[in-house]
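A.B. asks: Can you read through this structure? Questions will come right after.
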Amino acid sequence: MQFSPIMGGSITGEYDGFAYEHESPDNYEYVVDDDEEGFPSFRLLQDEDELVEGDEEEKVFPSTSEKKPKQLKQGNLLDMWGIKTPQHSSPSPSLPPPRKKTRTGNNSEQEIGKSKPSKTCPFYKKIPGTPFSVDAFRYGSIQGCSAYFLTHFHSDHYGGLTKGWSHGRIYCSPLTARLLTLCLSVDPRFIRPLEFNVEYVIHGVCVTFLDANHCPGAVLIHFRLIDGQTHLHTGDFRACKAMQTHPLLANQRVHVLYLDTTYCNPKYKFPSKEDVLSYVVRITENYLKKHPNTLVVVGAYSIGKECVYLAISEALGVKIYANARRRRILHSFGWPELSGCLCAHGTDTFLHVLPMSSLRFESLKDYLKGYANQYKAVLAFRPTGWTYSEQLGNQLDLIRPSSKGNITIYASAVGVPYSEHSSFTELQEFVKFLKPDKIIPTVNAGKPANRDRMQSYFREMRKS
């Protein structure tokens with residue numbers, strides 16, 4: 001087995017009491033399916049004439065002959081960006097034997113690990129010159145792929161992973177590895193956790209995980225190929241100054257950058273995470289001075305947005321209530337500062353964490369009834385970058401909440417612009433710093449006009 005460590009350097013839904021969401025542009029329509037374990041799996045829809053067969057961000061395609069010409073565009077994109085796709089014949093590491101047939105509850109036989117026919121994996125989920133794919137589990141067994149990388153535990157990235165997975169090794173961070181077994185019951189024999197900032201050699205390629213500043217356990221993946229070419233895959237990330245000090249990025253040239261382009265539009269210049277967190281704390285403190293018997297609610301995904309409610313907890317010196325399932329997930333992070341703040345009873349604290357989908361007036365009104373003896377009002381925050389308004393700019397004090405009776409929500413059209421994806425300004429700074437030879441967008445790239453517009457942005461970024 002070629003695996004040796006070298007020490008070195010807004011769609012919302014609800015699942016079992018917690019919410020999931022992926023920040024995405026308004027022109028997408030989402031369909032939510034459940035996988036074998038009941039976990040949400042997302043399919044994204046656009047107008048039919050915008051689709052490219054196999055693109056991950058546009059996941060539902062009519063299988064008609066009219067769509068076949070668009071398959072050719074993927075190959076042309078590779079040529080346009082100057083990326084060759086040589087055949088790779090590296091042997092796959094030894095793997096556990098295929099799953100055996102088992103009896104299900106309705107007495108029918110089911111072959112665990114045998115997946116349905118899958119669509120072609122898009123080129124931007126493969127690393128040319130390697131047997132690697134990134135966040136490409138929904139495509140089943142990918143020809144020529146023997147190492148499957150997972151950047152983080154959000155279902156639009158792990159979609160396709162179930163307890164029956166048997167197509168190859170899964171490489172991810174230790175925290176993500178724990179979540180794969182805890183939440184999806186993925187067979188641990190297929191999971192290979194890699195530590196941050198440690199260089200590993202896998203199939204002759206040097207692989208290093210860097211902190212993505214996204215959700216807990218999220219990674220940037222730095223690949224140094226056998227021929228010396230370096231590829232950086234950001235997964236989902238929020239670019240920050242600290243990344244510019246990492247030796248791999250500061251001292252080594254990046255030839256190909258696979259970039260999270262969720263907010264690759266000049267209109268998205270929202271404030272820094274630190275500024276938004278300070279704002280949320282200030283709003284909470286001022287509100288409680290006027291209305292002391294208030295229940296404070298923060299909306300969150302299954303993982304992600306922890307910094308928001310942790311900031312309130314630390315500033316006000318209060319515990320955080322979350323349901324049992326969320327607490328199990330949060331404890332799995334191994335963060336003492338977070339685990340020590342959690343409590344099991346909602347009556348023990350005024351700070352509660354609820355699914356994003358629960359942050360509606362009627363839902364919060366019903367929720368408040370359960371604590372009517374303690375609290376008379378609700379102050380709720382729905383933190384997401386899609387609530388950002390160009391008119392707002394960085395002037396957070398211009399934000400006005402929505403109120404109905406005794407329920408106040410910082411959400412709707414202008415809410416709390418807290419995002420765990422890079423703003424356009426942060427993307428600019430990151431690209432200017434890296435100066436990669438080529439940039440491949442990984443979000444909103446299914447439409448030719450979108451690709452052309454983003455490439456024009458990239459050219460300007462690299463000039464300056």
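Letters for chains follow the order of the structure tokens (A, B, ...), residue numbers begin at 1 for each chain, and ligand numbers begin at 1 in the order shown.
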Extract, using only C-alpha atoms, all DNA, RNA and protein residues at most 6 Å from Leu257 in chain A, discarding same-chain residues fewer than 5 positions from it, and format them as a ChimeraX atom specification.
C.D. replies: /A:231-232,439
A.B. asks: Just asking: which residues within range 142-376 of chain A are strand (DSSP E or B) according to DSSP, as a PDB file with N, CA and C atoms, in the first residue's frame?
C.D. replies:
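Output saved as part_25.pdb:
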```
ATOM      1  N   ALA A 147      -8.415   6.562  -4.698  1.00  0.00           N
ATOM      2  CA  ALA A 147      -8.364   7.349  -3.468  1.00  0.00           C
ATOM      3  C   ALA A 147      -9.414   8.453  -3.564  1.00  0.00           C
ATOM      4  N   TYR A 148     -10.353   8.439  -2.637  1.00  0.00           N
ATOM      5  CA  TYR A 148     -11.479   9.382  -2.649  1.00  0.00           C
ATOM      6  C   TYR A 148     -11.301  10.354  -1.484  1.00  0.00           C
ATOM      7  N   PHE A 149     -11.118  11.635  -1.804  1.00  0.00           N
ATOM      8  CA  PHE A 149     -10.902  12.645  -0.773  1.00  0.00           C
ATOM      9  C   PHE A 149     -12.221  13.352  -0.440  1.00  0.00           C
ATOM     10  N   ARG A 169     -10.657   3.796  -0.638  1.00  0.00           N
ATOM     11  CA  ARG A 169     -10.299   4.507   0.581  1.00  0.00           C
ATOM     12  C   ARG A 169     -10.838   5.932   0.561  1.00  0.00           C
ATOM     13  N   ILE A 170     -11.275   6.389   1.732  1.00  0.00           N
ATOM     14  CA  ILE A 170     -11.756   7.754   1.910  1.00  0.00           C
ATOM     15  C   ILE A 170     -10.727   8.488   2.759  1.00  0.00           C
ATOM     16  N   TYR A 171     -10.165   9.553   2.225  1.00  0.00           N
ATOM     17  CA  TYR A 171      -9.178  10.347   2.951  1.00  0.00           C
ATOM     18  C   TYR A 171      -9.835  11.650   3.400  1.00  0.00           C
ATOM     19  N   CYS A 172      -9.758  11.937   4.693  1.00  0.00           N
ATOM     20  CA  CYS A 172     -10.414  13.113   5.253  1.00  0.00           C
ATOM     21  C   CYS A 172      -9.711  13.476   6.556  1.00  0.00           C
ATOM     22  N   ILE A 191     -11.941   4.214   5.835  1.00  0.00           N
ATOM     23  CA  ILE A 191     -11.651   5.599   6.195  1.00  0.00           C
ATOM     24  C   ILE A 191     -10.192   5.741   6.613  1.00  0.00           C
ATOM     25  N   ARG A 192      -9.509   6.702   6.025  1.00  0.00           N
ATOM     26  CA  ARG A 192      -8.124   6.983   6.365  1.00  0.00           C
ATOM     27  C   ARG A 192      -7.996   8.451   6.766  1.00  0.00           C
ATOM     28  N   PRO A 193      -8.061   8.763   8.062  1.00  0.00           N
ATOM     29  CA  PRO A 193      -7.913  10.155   8.495  1.00  0.00           C
ATOM     30  C   PRO A 193      -6.476  10.635   8.357  1.00  0.00           C
ATOM     31  N   PHE A 196      -3.805  17.412  10.053  1.00  0.00           N
ATOM     32  CA  PHE A 196      -3.510  18.698   9.440  1.00  0.00           C
ATOM     33  C   PHE A 196      -2.007  18.953   9.449  1.00  0.00           C
ATOM     34  N   GLU A 199       2.581  16.064   5.864  1.00  0.00           N
ATOM     35  CA  GLU A 199       2.658  15.636   4.468  1.00  0.00           C
ATOM     36  C   GLU A 199       2.647  14.112   4.386  1.00  0.00           C
ATOM     37  N   TYR A 200       1.761  13.573   3.575  1.00  0.00           N
ATOM     38  CA  TYR A 200       1.656  12.137   3.348  1.00  0.00           C
ATOM     39  C   TYR A 200       1.969  11.846   1.885  1.00  0.00           C
ATOM     40  N   VAL A 201       2.514  10.684   1.637  1.00  0.00           N
ATOM     41  CA  VAL A 201       2.737  10.241   0.261  1.00  0.00           C
ATOM     42  C   VAL A 201       1.724   9.152  -0.058  1.00  0.00           C
ATOM     43  N   ILE A 202       0.851   9.430  -1.009  1.00  0.00           N
ATOM     44  CA  ILE A 202      -0.194   8.496  -1.419  1.00  0.00           C
ATOM     45  C   ILE A 202      -0.068   8.309  -2.927  1.00  0.00           C
ATOM     46  N   VAL A 205       2.194  10.715  -4.657  1.00  0.00           N
ATOM     47  CA  VAL A 205       1.834  12.136  -4.620  1.00  0.00           C
ATOM     48  C   VAL A 205       1.901  12.626  -3.181  1.00  0.00           C
ATOM     49  N   CYS A 206       2.518  13.784  -2.953  1.00  0.00           N
ATOM     50  CA  CYS A 206       2.577  14.379  -1.616  1.00  0.00           C
ATOM     51  C   CYS A 206       1.276  15.123  -1.344  1.00  0.00           C
ATOM     52  N   VAL A 207       0.603  14.766  -0.263  1.00  0.00           N
ATOM     53  CA  VAL A 207      -0.711  15.317   0.073  1.00  0.00           C
ATOM     54  C   VAL A 207      -0.647  15.944   1.462  1.00  0.00           C
ATOM     55  N   THR A 208      -1.117  17.185   1.579  1.00  0.00           N
ATOM     56  CA  THR A 208      -1.150  17.872   2.869  1.00  0.00           C
ATOM     57  C   THR A 208      -2.504  18.537   3.051  1.00  0.00           C
ATOM     58  N   PHE A 209      -3.073  18.383   4.249  1.00  0.00           N
ATOM     59  CA  PHE A 209      -4.322  19.052   4.588  1.00  0.00           C
ATOM     60  C   PHE A 209      -4.010  20.356   5.328  1.00  0.00           C
ATOM     61  N   LEU A 210      -4.705  21.439   4.923  1.00  0.00           N
ATOM     62  CA  LEU A 210      -4.618  22.740   5.579  1.00  0.00           C
ATOM     63  C   LEU A 210      -6.004  23.113   6.088  1.00  0.00           C
ATOM     64  N   ASP A 211      -6.061  23.935   7.111  1.00  0.00           N
ATOM     65  CA  ASP A 211      -7.335  24.380   7.665  1.00  0.00           C
ATOM     66  C   ASP A 211      -8.068  25.249   6.644  1.00  0.00           C
ATOM     67  N   VAL A 219     -11.068  20.969   5.157  1.00  0.00           N
ATOM     68  CA  VAL A 219      -9.668  21.060   4.743  1.00  0.00           C
ATOM     69  C   VAL A 219      -9.519  21.669   3.353  1.00  0.00           C
ATOM     70  N   LEU A 220      -8.393  22.363   3.164  1.00  0.00           N
ATOM     71  CA  LEU A 220      -7.836  22.614   1.840  1.00  0.00           C
ATOM     72  C   LEU A 220      -6.898  21.445   1.565  1.00  0.00           C
ATOM     73  N   ILE A 221      -6.843  20.984   0.333  1.00  0.00           N
ATOM     74  CA  ILE A 221      -5.957  19.863   0.008  1.00  0.00           C
ATOM     75  C   ILE A 221      -4.872  20.332  -0.942  1.00  0.00           C
ATOM     76  N   HIS A 222      -3.631  20.189  -0.510  1.00  0.00           N
ATOM     77  CA  HIS A 222      -2.474  20.561  -1.314  1.00  0.00           C
ATOM     78  C   HIS A 222      -1.852  19.290  -1.885  1.00  0.00           C
ATOM     79  N   PHE A 223      -1.840  19.192  -3.205  1.00  0.00           N
ATOM     80  CA  PHE A 223      -1.258  18.035  -3.890  1.00  0.00           C
ATOM     81  C   PHE A 223       0.043  18.457  -4.577  1.00  0.00           C
ATOM     82  N   ARG A 224       1.133  17.743  -4.321  1.00  0.00           N
ATOM     83  CA  ARG A 224       2.347  17.933  -5.113  1.00  0.00           C
ATOM     84  C   ARG A 224       2.589  16.666  -5.905  1.00  0.00           C
ATOM     85  N   THR A 230       1.858  21.460  -8.642  1.00  0.00           N
ATOM     86  CA  THR A 230       1.080  21.544  -7.408  1.00  0.00           C
ATOM     87  C   THR A 230      -0.345  21.966  -7.730  1.00  0.00           C
ATOM     88  N   HIS A 231      -1.287  21.283  -7.106  1.00  0.00           N
ATOM     89  CA  HIS A 231      -2.708  21.602  -7.232  1.00  0.00           C
ATOM     90  C   HIS A 231      -3.248  21.870  -5.829  1.00  0.00           C
ATOM     91  N   LEU A 232      -4.035  22.913  -5.701  1.00  0.00           N
ATOM     92  CA  LEU A 232      -4.687  23.222  -4.425  1.00  0.00           C
ATOM     93  C   LEU A 232      -6.189  23.174  -4.627  1.00  0.00           C
ATOM     94  N   HIS A 233      -6.848  22.293  -3.880  1.00  0.00           N
ATOM     95  CA  HIS A 233      -8.313  22.192  -3.925  1.00  0.00           C
ATOM     96  C   HIS A 233      -8.854  22.781  -2.635  1.00  0.00           C
ATOM     97  N   VAL A 256      -2.346  24.886 -10.301  1.00  0.00           N
ATOM     98  CA  VAL A 256      -3.791  24.803 -10.567  1.00  0.00           C
ATOM     99  C   VAL A 256      -4.540  24.984  -9.261  1.00  0.00           C
ATOM    100  N   LEU A 257      -5.478  25.916  -9.239  1.00  0.00           N
ATOM    101  CA  LEU A 257      -6.298  26.197  -8.067  1.00  0.00           C
ATOM    102  C   LEU A 257      -7.740  25.822  -8.362  1.00  0.00           C
ATOM    103  N   TYR A 258      -8.268  24.868  -7.605  1.00  0.00           N
ATOM    104  CA  TYR A 258      -9.686  24.508  -7.668  1.00  0.00           C
ATOM    105  C   TYR A 258     -10.375  25.354  -6.603  1.00  0.00           C
ATOM    106  N   LEU A 259     -11.142  26.338  -7.034  1.00  0.00           N
ATOM    107  CA  LEU A 259     -11.580  27.409  -6.148  1.00  0.00           C
ATOM    108  C   LEU A 259     -13.071  27.353  -5.828  1.00  0.00           C
ATOM    109  N   THR A 294     -35.748  37.036  27.912  1.00  0.00           N
ATOM    110  CA  THR A 294     -35.744  36.702  26.484  1.00  0.00           C
ATOM    111  C   THR A 294     -34.964  35.422  26.235  1.00  0.00           C
ATOM    112  N   LEU A 295     -35.529  34.574  25.384  1.00  0.00           N
ATOM    113  CA  LEU A 295     -34.863  33.361  24.928  1.00  0.00           C
ATOM    114  C   LEU A 295     -34.094  33.701  23.657  1.00  0.00           C
ATOM    115  N   VAL A 296     -32.785  33.470  23.667  1.00  0.00           N
ATOM    116  CA  VAL A 296     -31.936  33.778  22.507  1.00  0.00           C
ATOM    117  C   VAL A 296     -31.711  32.487  21.718  1.00  0.00           C
ATOM    118  N   VAL A 297     -32.028  32.534  20.431  1.00  0.00           N
ATOM    119  CA  VAL A 297     -31.934  31.356  19.567  1.00  0.00           C
ATOM    120  C   VAL A 297     -30.975  31.641  18.410  1.00  0.00           C
ATOM    121  N   VAL A 298     -30.080  30.710  18.158  1.00  0.00           N
ATOM    122  CA  VAL A 298     -29.182  30.802  17.015  1.00  0.00           C
ATOM    123  C   VAL A 298     -29.457  29.624  16.089  1.00  0.00           C
ATOM    124  N   GLY A 299     -29.700  29.903  14.823  1.00  0.00           N
ATOM    125  CA  GLY A 299     -29.901  28.844  13.843  1.00  0.00           C
ATOM    126  C   GLY A 299     -28.560  28.296  13.384  1.00  0.00           C
ATOM    127  N   ALA A 300     -28.514  26.994  13.162  1.00  0.00           N
ATOM    128  CA  ALA A 300     -27.256  26.373  12.753  1.00  0.00           C
ATOM    129  C   ALA A 300     -27.532  25.157  11.891  1.00  0.00           C
ATOM    130  N   TYR A 301     -26.487  24.714  11.193  1.00  0.00           N
ATOM    131  CA  TYR A 301     -26.564  23.496  10.405  1.00  0.00           C
ATOM    132  C   TYR A 301     -26.183  22.320  11.293  1.00  0.00           C
ATOM    133  N   ILE A 320     -24.927  26.642  26.658  1.00  0.00           N
ATOM    134  CA  ILE A 320     -25.574  26.492  25.351  1.00  0.00           C
ATOM    135  C   ILE A 320     -26.424  25.236  25.378  1.00  0.00           C
ATOM    136  N   TYR A 321     -27.706  25.376  25.064  1.00  0.00           N
ATOM    137  CA  TYR A 321     -28.566  24.192  24.992  1.00  0.00           C
ATOM    138  C   TYR A 321     -28.718  23.747  23.535  1.00  0.00           C
ATOM    139  N   LEU A 342     -21.863  23.164  26.855  1.00  0.00           N
ATOM    140  CA  LEU A 342     -23.128  22.542  26.483  1.00  0.00           C
ATOM    141  C   LEU A 342     -23.904  22.076  27.709  1.00  0.00           C
ATOM    142  N   CYS A 343     -25.222  22.143  27.610  1.00  0.00           N
ATOM    143  CA  CYS A 343     -26.070  21.609  28.682  1.00  0.00           C
ATOM    144  C   CYS A 343     -27.218  20.819  28.076  1.00  0.00           C
ATOM    145  N   LEU A 351     -29.775  30.500  26.092  1.00  0.00           N
ATOM    146  CA  LEU A 351     -29.151  30.420  24.768  1.00  0.00           C
ATOM    147  C   LEU A 351     -29.377  29.034  24.176  1.00  0.00           C
ATOM    148  N   HIS A 352     -30.193  28.972  23.133  1.00  0.00           N
ATOM    149  CA  HIS A 352     -30.552  27.702  22.507  1.00  0.00           C
ATOM    150  C   HIS A 352     -30.099  27.669  21.042  1.00  0.00           C
ATOM    151  N   VAL A 353     -29.724  26.478  20.577  1.00  0.00           N
ATOM    152  CA  VAL A 353     -29.367  26.271  19.175  1.00  0.00           C
ATOM    153  C   VAL A 353     -30.449  25.422  18.526  1.00  0.00           C
ATOM    154  N   LEU A 354     -31.004  25.924  17.422  1.00  0.00           N
ATOM    155  CA  LEU A 354     -32.077  25.223  16.711  1.00  0.00           C
ATOM    156  C   LEU A 354     -31.706  25.085  15.240  1.00  0.00           C
ATOM    157  N   PRO A 355     -32.372  24.179  14.535  1.00  0.00           N
ATOM    158  CA  PRO A 355     -32.146  24.074  13.091  1.00  0.00           C
ATOM    159  C   PRO A 355     -32.509  25.373  12.383  1.00  0.00           C
TER     160      PRO A 355
END
```
A.B. asks: Within 12 Å of range 287-292 of chain A, counting only C-alpha atoms, which residues qualify if same-chain residues fewer than 3 places away don't, as a PyMOL selection string?
C.D. replies: chain A and resi 280-284+295-296+312+316+350-351+374-380+401+406-408
A.B. asks: If you keep C-alpha atoms, can you produce a file of those selected residues as a short mmCIF file (atom, residue, chain, number, x, y, z; two decimals), in the first residue's frame?
C.D. replies:
```cif
data_model
loop_
_atom_site.label_atom_id
_atom_site.label_comp_id
_atom_site.auth_asym_id
_atom_site.auth_seq_id
_atom_site.Cartn_x
_atom_site.Cartn_y
_atom_site.Cartn_z
CA VAL A 280 -24.22 39.67 17.23
CA VAL A 281 -22.85 39.81 20.76
CA ARG A 282 -23.55 43.55 21.00
CA ILE A 283 -27.12 43.16 19.73
CA THR A 284 -27.76 40.35 22.21
CA LEU A 295 -34.86 33.36 24.93
CA VAL A 296 -31.94 33.78 22.51
CA ILE A 312 -22.52 34.72 22.71
CA LEU A 316 -22.35 36.52 28.41
CA PHE A 350 -31.48 31.23 27.71
CA LEU A 351 -29.15 30.42 24.77
CA GLN A 374 -39.23 31.50 32.13
CA TYR A 375 -39.25 33.64 28.99
CA LYS A 376 -41.60 36.16 27.45
CA ALA A 377 -39.88 36.83 24.11
CA VAL A 378 -37.48 35.36 21.52
CA LEU A 379 -34.46 36.97 19.87
CA ALA A 380 -33.26 34.79 16.97
CA PRO A 401 -34.65 42.72 12.21
CA ASN A 406 -42.75 39.03 20.93
CA ILE A 407 -40.61 37.27 18.28
CA THR A 408 -37.64 39.13 16.74
#
```
A.B. asks: Just want the 7 Å neighbourhood of range 132-141 of chain A, counted on only C-alpha atoms, with same-chain residues fewer than 5 positions away dropped. Output as a CSV table (one decimal) with all heavy atoms, in the first residue's frame.
C.D. replies:
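Final output, saved to around_36.csv:
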```csv
chain,number,residue,atom,x,y,z
A,115,SER,N,-24.0,-0.1,-5.8
A,115,SER,CA,-24.7,1.2,-6.0
A,115,SER,C,-25.4,1.2,-7.4
A,115,SER,O,-25.1,0.4,-8.3
A,115,SER,CB,-23.7,2.3,-6.0
A,115,SER,OG,-22.6,2.1,-6.8
A,118,SER,N,-24.4,5.4,-11.9
A,118,SER,CA,-24.1,6.8,-11.5
A,118,SER,C,-23.7,7.6,-12.8
A,118,SER,O,-23.3,7.0,-13.8
A,118,SER,CB,-23.1,6.8,-10.5
A,118,SER,OG,-21.9,6.2,-10.9
A,119,LYS,N,-23.8,8.9,-12.6
A,119,LYS,CA,-23.4,9.7,-13.7
A,119,LYS,C,-21.9,9.9,-13.8
A,119,LYS,O,-21.2,9.6,-12.8
A,119,LYS,CB,-24.1,11.1,-13.5
A,119,LYS,CG,-25.7,11.0,-13.6
A,119,LYS,CD,-26.3,12.3,-13.5
A,119,LYS,CE,-27.8,12.2,-13.5
A,119,LYS,NZ,-28.3,11.5,-14.7
A,120,THR,N,-21.5,10.4,-14.9
A,120,THR,CA,-20.0,10.6,-15.1
A,120,THR,C,-19.5,11.7,-14.1
A,120,THR,O,-20.1,12.7,-14.0
A,120,THR,CB,-19.8,11.1,-16.5
A,120,THR,OG1,-20.3,10.1,-17.4
A,120,THR,CG2,-18.3,11.3,-16.8
A,121,CYS,N,-18.4,11.4,-13.5
A,121,CYS,CA,-17.8,12.3,-12.6
A,121,CYS,C,-17.2,13.5,-13.4
A,121,CYS,O,-16.5,13.3,-14.3
A,121,CYS,CB,-16.7,11.6,-11.8
A,121,CYS,SG,-15.8,12.7,-10.7
A,125,LYS,N,-13.6,17.4,-10.4
A,125,LYS,CA,-13.6,16.6,-9.1
A,125,LYS,C,-12.5,15.6,-9.2
A,125,LYS,O,-12.3,14.8,-8.3
A,125,LYS,CB,-14.9,15.9,-8.9
A,125,LYS,CG,-16.0,16.9,-8.4
A,125,LYS,CD,-17.2,16.2,-8.0
A,125,LYS,CE,-18.2,17.2,-7.4
A,125,LYS,NZ,-17.7,17.7,-6.0
A,126,LYS,N,-11.7,15.6,-10.3
A,126,LYS,CA,-10.6,14.7,-10.5
A,126,LYS,C,-9.3,15.5,-10.5
A,126,LYS,O,-9.3,16.6,-11.0
A,126,LYS,CB,-10.7,13.9,-11.8
A,126,LYS,CG,-11.9,13.0,-11.8
A,126,LYS,CD,-12.0,12.3,-13.2
A,126,LYS,CE,-13.2,11.5,-13.4
A,126,LYS,NZ,-13.3,10.9,-14.7
A,127,ILE,N,-8.2,14.9,-10.0
A,127,ILE,CA,-6.9,15.6,-10.0
A,127,ILE,C,-6.1,14.9,-11.1
A,127,ILE,O,-5.7,13.7,-11.0
A,127,ILE,CB,-6.2,15.5,-8.7
A,127,ILE,CG1,-7.0,16.0,-7.5
A,127,ILE,CG2,-4.8,16.2,-8.7
A,127,ILE,CD1,-7.4,17.5,-7.7
A,146,SER,N,-8.7,5.4,-7.1
A,146,SER,CA,-8.5,4.5,-6.0
A,146,SER,C,-8.3,5.2,-4.7
A,146,SER,O,-8.2,4.6,-3.6
A,146,SER,CB,-7.2,3.6,-6.2
A,146,SER,OG,-6.1,4.5,-6.5
A,147,ALA,N,-8.4,6.6,-4.7
A,147,ALA,CA,-8.4,7.3,-3.5
A,147,ALA,C,-9.4,8.5,-3.6
A,147,ALA,O,-9.4,9.3,-4.5
A,147,ALA,CB,-7.0,7.9,-3.3
A,148,TYR,N,-10.4,8.4,-2.6
A,148,TYR,CA,-11.5,9.4,-2.6
A,148,TYR,C,-11.3,10.4,-1.5
A,148,TYR,O,-11.3,9.9,-0.3
A,148,TYR,CB,-12.8,8.6,-2.5
A,148,TYR,CG,-13.1,7.7,-3.7
A,148,TYR,CD1,-12.5,6.5,-3.8
A,148,TYR,CD2,-14.0,8.1,-4.7
A,148,TYR,CE1,-12.8,5.6,-4.9
A,148,TYR,CE2,-14.3,7.3,-5.7
A,148,TYR,CZ,-13.7,6.0,-5.8
A,148,TYR,OH,-14.0,5.2,-6.9
A,149,PHE,N,-11.1,11.6,-1.8
A,149,PHE,CA,-10.9,12.6,-0.8
A,149,PHE,C,-12.2,13.4,-0.4
A,149,PHE,O,-13.0,13.7,-1.3
A,149,PHE,CB,-9.9,13.7,-1.2
A,149,PHE,CG,-8.5,13.1,-1.2
A,149,PHE,CD1,-8.0,12.4,-2.3
A,149,PHE,CD2,-7.6,13.3,-0.2
A,149,PHE,CE1,-6.7,11.9,-2.3
A,149,PHE,CE2,-6.3,12.8,-0.1
A,149,PHE,CZ,-5.9,12.1,-1.2
A,150,LEU,N,-12.4,13.6,0.9
A,150,LEU,CA,-13.6,14.3,1.3
A,150,LEU,C,-13.1,15.6,2.1
A,150,LEU,O,-12.4,15.5,3.0
A,150,LEU,CB,-14.4,13.5,2.3
A,150,LEU,CG,-15.7,14.1,2.9
A,150,LEU,CD1,-16.6,14.6,1.9
A,150,LEU,CD2,-16.3,13.1,3.9
A,151,THR,N,-13.5,16.8,1.6
A,151,THR,CA,-13.0,18.0,2.2
A,151,THR,C,-13.7,18.3,3.5
A,151,THR,O,-13.1,18.9,4.4
A,151,THR,CB,-13.2,19.2,1.2
A,151,THR,OG1,-14.6,19.3,0.9
A,151,THR,CG2,-12.4,19.0,0.0
A,157,HIS,N,-21.3,17.6,-0.2
A,157,HIS,CA,-19.9,17.1,-0.5
A,157,HIS,C,-19.8,15.6,-0.2
A,157,HIS,O,-19.1,14.9,-0.9
A,157,HIS,CB,-18.9,17.9,0.3
A,157,HIS,CG,-18.8,19.3,-0.2
A,157,HIS,ND1,-17.7,19.8,-1.0
A,157,HIS,CD2,-19.6,20.4,0.0
A,157,HIS,CE1,-17.9,21.1,-1.2
A,157,HIS,NE2,-19.1,21.5,-0.7
A,158,TYR,N,-20.4,15.2,0.9
A,158,TYR,CA,-20.3,13.7,1.1
A,158,TYR,C,-21.5,12.9,0.5
A,158,TYR,O,-21.5,11.7,0.6
A,158,TYR,CB,-20.3,13.4,2.6
A,158,TYR,CG,-21.6,13.7,3.4
A,158,TYR,CD1,-22.7,12.9,3.2
A,158,TYR,CD2,-21.6,14.7,4.4
A,158,TYR,CE1,-23.9,13.1,4.0
A,158,TYR,CE2,-22.7,14.9,5.2
A,158,TYR,CZ,-23.9,14.1,4.9
A,158,TYR,OH,-25.0,14.3,5.7
A,159,GLY,N,-22.4,13.6,-0.2
A,159,GLY,CA,-23.5,12.9,-0.8
A,159,GLY,C,-23.1,11.7,-1.6
A,159,GLY,O,-22.2,11.7,-2.4
A,160,GLY,N,-23.7,10.5,-1.4
A,160,GLY,CA,-23.3,9.3,-2.0
A,160,GLY,C,-22.7,8.3,-1.0
A,160,GLY,O,-22.6,7.1,-1.3
A,161,LEU,N,-22.2,8.9,0.1
A,161,LEU,CA,-21.6,8.0,1.1
A,161,LEU,C,-22.6,7.4,2.0
A,161,LEU,O,-23.5,8.1,2.6
A,161,LEU,CB,-20.6,8.8,2.0
A,161,LEU,CG,-19.1,8.9,1.4
A,161,LEU,CD1,-18.3,9.9,2.3
A,161,LEU,CD2,-18.5,7.6,1.4
A,167,HIS,N,-16.1,1.4,-2.5
A,167,HIS,CA,-15.4,1.7,-3.7
A,167,HIS,C,-14.0,2.0,-3.6
A,167,HIS,O,-13.2,2.0,-4.6
A,167,HIS,CB,-16.2,2.8,-4.5
A,167,HIS,CG,-17.6,2.5,-4.8
A,167,HIS,ND1,-18.0,1.3,-5.4
A,167,HIS,CD2,-18.7,3.2,-4.5
A,167,HIS,CE1,-19.3,1.3,-5.5
A,167,HIS,NE2,-19.8,2.4,-5.0
```
A.B. asks: Please determine, counting only C-alpha atoms, which residue among A:Arg400, A:Arg360, A:Arg328, A:His214 has the shortest atom-to-atom distance to Ser422 in chain A.
C.D. replies: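 The shortest atom-to-atom distance to Ser422 in chain A comes from A:His214.
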A.B. asks: Could you jot down the CA of Ala449 in chain A to CA of Arg238 in chain A separation for me, Å, one decimal place?
C.D. replies: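 Computing it gives 24.5 Å between the two atoms.
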A.B. asks: Using only C-alpha atoms, find the one residue out of A:Asp227, A:Glu195, A:Asp236, A:Glu306 that sits nearest to His152 in chain A.
C.D. replies: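 Checking each of A:Asp227, A:Glu195, A:Asp236, A:Glu306 against His152 in chain A, counting only C-alpha atoms, the winner is A:Asp236.
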A.B. asks: Quick one: distance from CA of Cys145 in chain A to CA of Phe123 in chain A in Å, one decimal?
C.D. replies: 12.4 Å
A.B. asks: Determine, using only C-alpha atoms, which residues of range 399-439 of chain A have any atom at most 12 Å from an atom of range 268-273 of chain A, and tabulate each with its shortest atom pair and distance in Å to one decimal place, rows ordered by chain and then rising number, as a tab-separated table.
C.D. replies:
```
residue	atom	partner	partner_atom	distance
A:Val414	CA	A:Phe270	CA	11.9
A:Gly415	CA	A:Phe270	CA	11.6
A:Val416	CA	A:Phe270	CA	9.9
A:Pro417	CA	A:Phe270	CA	6.5
A:Tyr418	CA	A:Lys273	CA	6.1
A:Ser419	CA	A:Lys273	CA	7.2
A:Glu420	CA	A:Lys273	CA	8.1
A:His421	CA	A:Lys273	CA	10.1
A:Ser422	CA	A:Tyr268	CA	9.1
A:Ser423	CA	A:Lys269	CA	5.4
A:Phe424	CA	A:Tyr268	CA	5.6
A:Thr425	CA	A:Lys269	CA	5.8
A:Glu426	CA	A:Lys269	CA	8.2
A:Leu427	CA	A:Lys269	CA	10.0
A:Gln428	CA	A:Lys269	CA	10.6
```
